[in-house]
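One file, structure-v1.cif, carrying mmCIF, C-alpha atoms:
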data_protein
loop_
_atom_site.group_PDB
_atom_site.id
_atom_site.type_symbol
_atom_site.label_atom_id
_atom_site.label_comp_id
_atom_site.auth_asym_id
_atom_site.auth_seq_id
_atom_site.Cartn_x
_atom_site.Cartn_y
_atom_site.Cartn_z
ATOM 1 C CA MET A 1 104.766 194.577 86.024
ATOM 2 C CA ILE A 2 106.912 191.507 86.807
ATOM 3 C CA PRO A 3 110.526 191.818 85.794
ATOM 4 C CA MET A 4 111.497 189.376 83.043
ATOM 5 C CA ASN A 5 114.365 187.923 85.031
ATOM 6 C CA LYS A 6 111.936 186.676 87.750
ATOM 7 C CA THR A 7 109.560 184.905 85.346
ATOM 8 C CA PRO A 8 111.492 181.587 85.247
ATOM 9 C CA ASN A 9 111.505 181.454 89.028
ATOM 10 C CA ILE A 10 107.766 181.946 89.222
ATOM 11 C CA LEU A 11 107.233 179.248 86.583
ATOM 12 C CA LEU A 12 109.431 176.838 88.541
ATOM 13 C CA ILE A 13 107.495 177.522 91.768
ATOM 14 C CA GLY A 14 104.165 176.955 89.991
ATOM 15 C CA LEU A 15 105.413 173.685 88.487
ATOM 16 C CA PHE A 16 106.555 172.502 91.926
ATOM 17 C CA VAL A 17 103.142 173.280 93.462
ATOM 18 C CA LEU A 18 101.281 171.401 90.693
ATOM 19 C CA THR A 19 103.567 168.379 91.051
ATOM 20 C CA ALA A 20 103.073 168.310 94.831
ATOM 21 C CA CYS A 21 99.280 168.495 94.498
ATOM 22 C CA SER A 22 99.288 165.735 91.929
ATOM 23 C CA SER A 23 101.429 163.520 94.182
ATOM 24 C CA ALA A 24 99.190 164.163 97.179
ATOM 25 C CA GLY A 25 96.100 163.260 95.141
ATOM 26 C CA GLU A 26 97.659 159.976 94.057
ATOM 27 C CA SER A 27 98.742 159.015 97.582
ATOM 28 C CA SER A 28 95.257 159.648 98.989
ATOM 29 C CA ALA A 29 93.553 157.348 96.468
ATOM 30 C CA THR A 30 92.411 154.043 97.915
ATOM 31 C CA PRO A 31 94.505 151.249 96.392
ATOM 32 C CA ALA A 32 92.608 148.444 94.658
ATOM 33 C CA ILE A 33 92.791 145.099 96.517
ATOM 34 C CA ALA A 34 92.785 141.904 94.456
ATOM 35 C CA THR A 35 90.363 139.399 95.962
ATOM 36 C CA ALA A 36 90.879 135.741 95.190
ATOM 37 C CA SER A 37 87.745 133.875 94.130
ATOM 38 C CA PRO A 38 86.695 131.136 96.592
ATOM 39 C CA GLN A 39 87.987 127.660 95.724
ATOM 40 C CA SER A 40 85.657 124.654 95.906
ATOM 41 C CA THR A 41 86.777 121.805 98.119
ATOM 42 C CA PRO A 42 87.138 118.581 96.151
ATOM 43 C CA THR A 43 84.694 115.902 97.265
ATOM 44 C CA GLY A 44 86.362 112.620 98.118
ATOM 45 C CA ILE A 45 85.223 109.621 96.088
ATOM 46 C CA LYS A 46 84.721 106.493 98.145
ATOM 47 C CA VAL A 47 86.039 103.367 96.469
ATOM 48 C CA ILE A 48 84.092 100.125 96.433
ATOM 49 C CA PRO A 49 85.999 97.262 98.072
ATOM 50 C CA THR A 50 87.500 94.772 95.630
ATOM 51 C CA PRO A 51 84.926 91.985 95.109
ATOM 52 C CA SER A 52 85.729 88.423 96.117
ATOM 53 C CA SER A 53 84.811 85.435 93.983
ATOM 54 C CA PRO A 54 82.039 82.985 94.887
ATOM 55 C CA ASP A 55 83.190 80.422 97.480
ATOM 56 C CA ASP A 56 85.698 82.881 98.947
ATOM 57 C CA SER A 57 85.109 83.293 102.676
ATOM 58 C CA ILE A 58 85.606 86.303 104.923
ATOM 59 C CA ILE A 59 85.835 86.518 108.698
ATOM 60 C CA TRP A 60 84.217 89.292 110.687
ATOM 61 C CA ARG A 61 84.876 88.861 114.401
ATOM 62 C CA ASP A 62 83.869 85.225 115.083
ATOM 63 C CA LEU A 63 81.663 84.897 111.999
ATOM 64 C CA GLN A 64 82.940 83.241 108.842
ATOM 65 C CA ALA A 65 80.761 84.026 105.821
ATOM 66 C CA SER A 66 80.865 83.049 102.173
ATOM 67 C CA MET A 67 78.684 83.439 99.126
ATOM 68 C CA GLU A 68 78.541 80.000 97.544
ATOM 69 C CA GLN A 69 76.649 80.776 94.333
ATOM 70 C CA ALA A 70 74.015 82.950 92.706
ATOM 71 C CA GLU A 71 71.404 82.101 90.115
ATOM 72 C CA ILE A 72 68.589 83.847 88.254
ATOM 73 C CA THR A 73 65.107 82.424 87.562
ATOM 74 C CA ASP A 74 61.987 83.734 85.843
ATOM 75 C CA THR A 75 59.619 81.788 88.111
ATOM 76 C CA PHE A 76 59.804 79.497 91.140
ATOM 77 C CA ILE A 77 57.708 76.980 93.042
ATOM 78 C CA THR A 78 57.023 77.872 96.657
ATOM 79 C CA GLU A 79 57.235 75.431 99.550
ATOM 80 C CA PHE A 80 53.435 75.207 99.328
ATOM 81 C CA GLY A 81 53.540 74.043 95.693
ATOM 82 C CA SER A 82 52.300 77.236 94.034
ATOM 83 C CA GLN A 83 54.147 78.967 91.225
ATOM 84 C CA ARG A 84 55.383 82.511 91.688
ATOM 85 C CA THR A 85 56.129 84.910 88.831
ATOM 86 C CA PRO A 86 57.904 88.247 89.225
ATOM 87 C CA SER A 87 56.375 91.673 88.760
ATOM 88 C CA SER A 88 56.556 93.178 85.294
ATOM 89 C CA GLY A 89 60.127 94.118 84.352
ATOM 90 C CA GLN A 90 61.686 92.000 87.108
ATOM 91 C CA LYS A 91 63.137 88.543 87.720
ATOM 92 C CA PHE A 92 64.391 86.578 90.703
ATOM 93 C CA LEU A 93 67.979 86.437 91.942
ATOM 94 C CA TRP A 94 68.846 83.704 94.452
ATOM 95 C CA VAL A 95 72.036 83.888 96.538
ATOM 96 C CA HIS A 96 73.327 80.902 98.504
ATOM 97 C CA VAL A 97 75.278 81.872 101.639
ATOM 98 C CA THR A 98 77.129 79.872 104.302
ATOM 99 C CA LEU A 99 77.760 81.162 107.809
ATOM 100 C CA LYS A 100 79.921 79.569 110.493
ATOM 101 C CA ASN A 101 80.750 80.441 114.084
ATOM 102 C CA VAL A 102 84.541 80.100 114.377
ATOM 103 C CA GLY A 103 84.674 81.443 117.937
ATOM 104 C CA LYS A 104 84.181 79.930 121.362
ATOM 105 C CA SER A 105 80.916 81.680 122.285
ATOM 106 C CA GLU A 106 77.514 81.837 120.654
ATOM 107 C CA ILE A 107 76.909 84.768 118.324
ATOM 108 C CA PRO A 108 73.749 86.285 116.808
ATOM 109 C CA LEU A 109 72.919 85.406 113.225
ATOM 110 C CA PRO A 110 72.977 88.517 111.003
ATOM 111 C CA ALA A 111 69.505 89.711 110.049
ATOM 112 C CA ALA A 112 68.588 89.509 106.354
ATOM 113 C CA GLU A 113 68.656 93.319 106.162
ATOM 114 C CA HIS A 114 72.465 93.182 106.452
ATOM 115 C CA PHE A 115 72.689 91.754 102.922
ATOM 116 C CA SER A 116 72.293 93.681 99.666
ATOM 117 C CA VAL A 117 72.732 93.290 95.928
ATOM 118 C CA LEU A 118 74.105 96.091 93.772
ATOM 119 C CA TYR A 119 73.202 96.612 90.125
ATOM 120 C CA ALA A 120 74.144 99.756 88.188
ATOM 121 C CA GLU A 121 73.310 102.541 90.671
ATOM 122 C CA SER A 122 70.674 100.635 92.618
ATOM 123 C CA GLU A 123 70.757 98.623 95.825
ATOM 124 C CA PHE A 124 68.290 95.769 96.362
ATOM 125 C CA LYS A 125 67.292 94.164 99.653
ATOM 126 C CA PRO A 126 66.176 90.551 100.206
ATOM 127 C CA THR A 127 62.503 89.672 100.322
ATOM 128 C CA TYR A 128 60.236 86.701 101.064
ATOM 129 C CA GLY A 129 61.478 83.580 99.289
ATOM 130 C CA HIS A 130 60.658 80.063 100.518
ATOM 131 C CA ARG A 131 61.483 78.288 97.265
ATOM 132 C CA GLN A 132 60.626 74.606 97.334
ATOM 133 C CA GLY A 133 63.653 72.420 98.038
ATOM 134 C CA TYR A 134 65.892 75.332 99.083
ATOM 135 C CA PRO A 135 66.526 76.311 102.726
ATOM 136 C CA ASP A 136 65.367 79.895 103.225
ATOM 137 C CA TYR A 137 67.421 82.384 105.225
ATOM 138 C CA ALA A 138 64.315 83.538 107.104
ATOM 139 C CA ASP A 139 63.934 80.049 108.570
ATOM 140 C CA LEU A 140 67.334 80.031 110.273
ATOM 141 C CA GLY A 141 67.474 80.445 114.027
ATOM 142 C CA PRO A 142 68.670 83.643 115.694
ATOM 143 C CA THR A 143 71.897 82.173 117.096
ATOM 144 C CA LEU A 144 75.042 80.449 115.855
ATOM 145 C CA PHE A 145 76.760 78.234 118.407
ATOM 146 C CA PRO A 146 80.528 77.594 118.474
ATOM 147 C CA GLY A 147 81.500 75.462 115.505
ATOM 148 C CA GLN A 148 77.977 75.547 114.032
ATOM 149 C CA GLU A 149 77.643 76.080 110.268
ATOM 150 C CA LEU A 150 74.424 77.018 108.465
ATOM 151 C CA ASP A 151 73.590 77.639 104.838
ATOM 152 C CA ALA A 152 70.513 79.169 103.206
ATOM 153 C CA TRP A 153 69.240 81.140 100.213
ATOM 154 C CA LEU A 154 68.258 84.812 99.923
ATOM 155 C CA ARG A 155 65.848 86.086 97.288
ATOM 156 C CA PHE A 156 66.190 89.452 95.532
ATOM 157 C CA ASP A 157 63.881 90.976 92.922
ATOM 158 C CA ILE A 158 66.084 92.565 90.238
ATOM 159 C CA PRO A 159 65.528 94.282 86.861
ATOM 160 C CA VAL A 160 64.966 91.931 83.952
ATOM 161 C CA ALA A 161 67.975 93.439 82.151
ATOM 162 C CA ALA A 162 70.414 92.482 84.929
ATOM 163 C CA ALA A 163 72.861 89.622 84.349
ATOM 164 C CA LEU A 164 75.002 87.821 86.920
ATOM 165 C CA LYS A 165 78.119 89.545 85.611
ATOM 166 C CA ASP A 166 76.561 92.914 86.479
ATOM 167 C CA LEU A 167 75.601 92.027 90.061
ATOM 168 C CA TRP A 168 77.509 92.255 93.342
ATOM 169 C CA PHE A 169 76.442 90.650 96.595
ATOM 170 C CA ILE A 170 77.156 92.693 99.742
ATOM 171 C CA PHE A 171 77.410 91.786 103.429
ATOM 172 C CA LEU A 172 77.144 94.753 105.821
ATOM 173 C CA PRO A 173 77.508 93.350 109.359
ATOM 174 C CA GLU A 174 77.154 96.751 111.066
ATOM 175 C CA SER A 175 74.746 98.561 108.746
ATOM 176 C CA SER A 176 71.721 97.820 106.610
ATOM 177 C CA GLN A 177 72.333 99.854 103.464
ATOM 178 C CA VAL A 178 75.302 100.525 101.247
ATOM 179 C CA GLY A 179 74.336 104.188 100.926
ATOM 180 C CA VAL A 180 71.944 106.653 102.470
ATOM 181 C CA SER A 181 69.018 105.538 100.318
ATOM 182 C CA PRO A 182 67.932 102.330 98.556
ATOM 183 C CA SER A 183 69.280 103.761 95.287
ATOM 184 C CA SER A 184 72.565 105.584 95.890
ATOM 185 C CA PRO A 185 74.652 106.956 92.997
ATOM 186 C CA ASN A 186 78.312 105.926 93.070
ATOM 187 C CA TYR A 187 77.668 103.586 96.019
ATOM 188 C CA PRO A 188 78.749 105.960 98.824
ATOM 189 C CA TYR A 189 79.854 103.441 101.447
ATOM 190 C CA ALA A 190 79.587 104.598 105.038
ATOM 191 C CA GLU A 191 83.026 105.261 106.454
ATOM 192 C CA HIS A 192 84.367 103.019 109.182
ATOM 193 C CA LYS A 193 81.742 100.342 108.457
ATOM 194 C CA PRO A 194 82.874 96.846 107.440
ATOM 195 C CA THR A 195 81.709 96.000 103.917
ATOM 196 C CA TYR A 196 82.280 92.685 102.128
ATOM 197 C CA VAL A 197 81.632 92.264 98.413
ATOM 198 C CA TRP A 198 81.330 89.210 96.154
ATOM 199 C CA LYS A 199 80.894 88.952 92.416
ATOM 200 C CA CYS A 200 77.732 87.022 91.553
ATOM 201 C CA GLU A 201 79.333 85.448 88.497
ATOM 202 C CA PRO A 202 82.347 83.141 88.961
#
Since I need it in another form, could you write the structure as structure tokens?
Amino acid sequence: MIPMNKTPNILLIGLFVLTACSSAGESSATPAIATASPQSTPTGIKVIPTPSSPDDSIIWRDLQASMEQAEITDTFITEFGSQRTPSSGQKFLWVHVTLKNVGKSEIPLPAAEHFSVLYAESEFKPTYGHRQGYPDYADLGPTLFPGQELDAWLRFDIPVAAALKDLWFIFLPESSQVGVSPSSPNYPYAEHKPTYVWKCEP
């Protein structure tokens, strides 16, 4: 039999052992680690250059270029006297451009593929024109000599709903498309590529 006067001591020892075991169990538990959820990297939005007005000229190297005017037609007469009508749902846009060599050496004339028209989220490239009474860009020579100035028209087939106020004319001297495909959402301009923009309506 345990003497009564030793009972409190035994109880205290037992309480100490239980507390120590409980503390050891807590310290051996693996702490929870808070993991931050991955953050998405914002995608930069490329801004379209501010459009110039018709007749405004730009200079790229030794080439001075300007868009003189733009007009829309439903039909046209070819240089051979036949009438051309557009495909269903389309109409013709004609853009008059002037190019001048302001340098002291001859320079190559930009190919027609370096010009585009933008409407909504679509990019349109020039096609065969040869409208009677209008000099066609395809007929220009390959070279511009110092001081030489040439002007011609480019034809684009655009949606019938498009109006001049909705259209932008683009000159891309070092590339052939505004974006990575003929129809590029948000017009993702290639970085470090010169891009010149004109409004088609004055």
Spatial neighbours of segment 109-116 of chain A, 8 Å, all atoms listed in the file, chain gap at least 6 places, as a list in words: Glu123, Phe124, Lys125, Pro126, Tyr137, Ala138, Gly141, Pro142, Thr143, Leu144, Leu154, Phe169, Ile170, Phe171, Leu172, Pro173, Glu174, Ser175, Ser176, Gln177 and Val178 of chain A
Top pick for closest residue to Asn101 of chain A, considering A:Thr195, A:Ser52, A:Gly147, A:Trp168 and counting all atoms listed in the file: A:Gly147
With distances taken over all atoms listed in the file, the candidate from A:Leu118, A:Ile72, A:Ala152, A:Leu167 nearest Trp94 of chain A is A:Ile72
Given only C-alpha atoms as the counted atoms, nearest of A:Arg61, A:Lys193, A:Lys199, A:Lys165 to Val102 of chain A: A:Arg61
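Counting all atoms listed in the file and comparing A:Phe92, A:Tyr128, A:Phe145, A:Phe80, the residue that lies closest to Pro108 of chain A is A:Phe145.
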Suppose a student applies the PyMOL selection byres ((chain A and resi 64) around 12) to this structure; what residues should they get, written as a PyMOL selection string? chain A and resi 55-63+65-67+97-103+107+109-110+144+146-151+171+173+196
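Near Gln90 of chain A, within 12 Å and counting only C-alpha atoms, sit Ile72, Thr73, Asp74, Thr75, Thr85, Pro86, Ser87, Ser88, Phe92, Leu93, Phe124, Phe156, Asp157, Ile158, Pro159, Val160, Ala161, Ala162 and Ala163 of chain A, not including residues fewer than 2 positions from it in the same chain.
Distance-wise, atom CA of Ser53 of chain A and atom CA of Tyr119 of chain A end up 16.6 Å apart.
Using all atoms listed in the file, the nearest neighbour of His130 of chain A within the list A:Val117, A:Ile77, A:Val197, A:Val95 is A:Ile77.
Here atom CA of Trp153 of chain A is placed at a distance of 25.0 Å from atom CA of Ser105 of chain A.
For the residues A:Glu121, A:Gln132, A:Thr50, A:Thr127, ranking by smallest atom-to-atom distance to Ser82 of chain A using only C-alpha atoms places A:Gln132 first.
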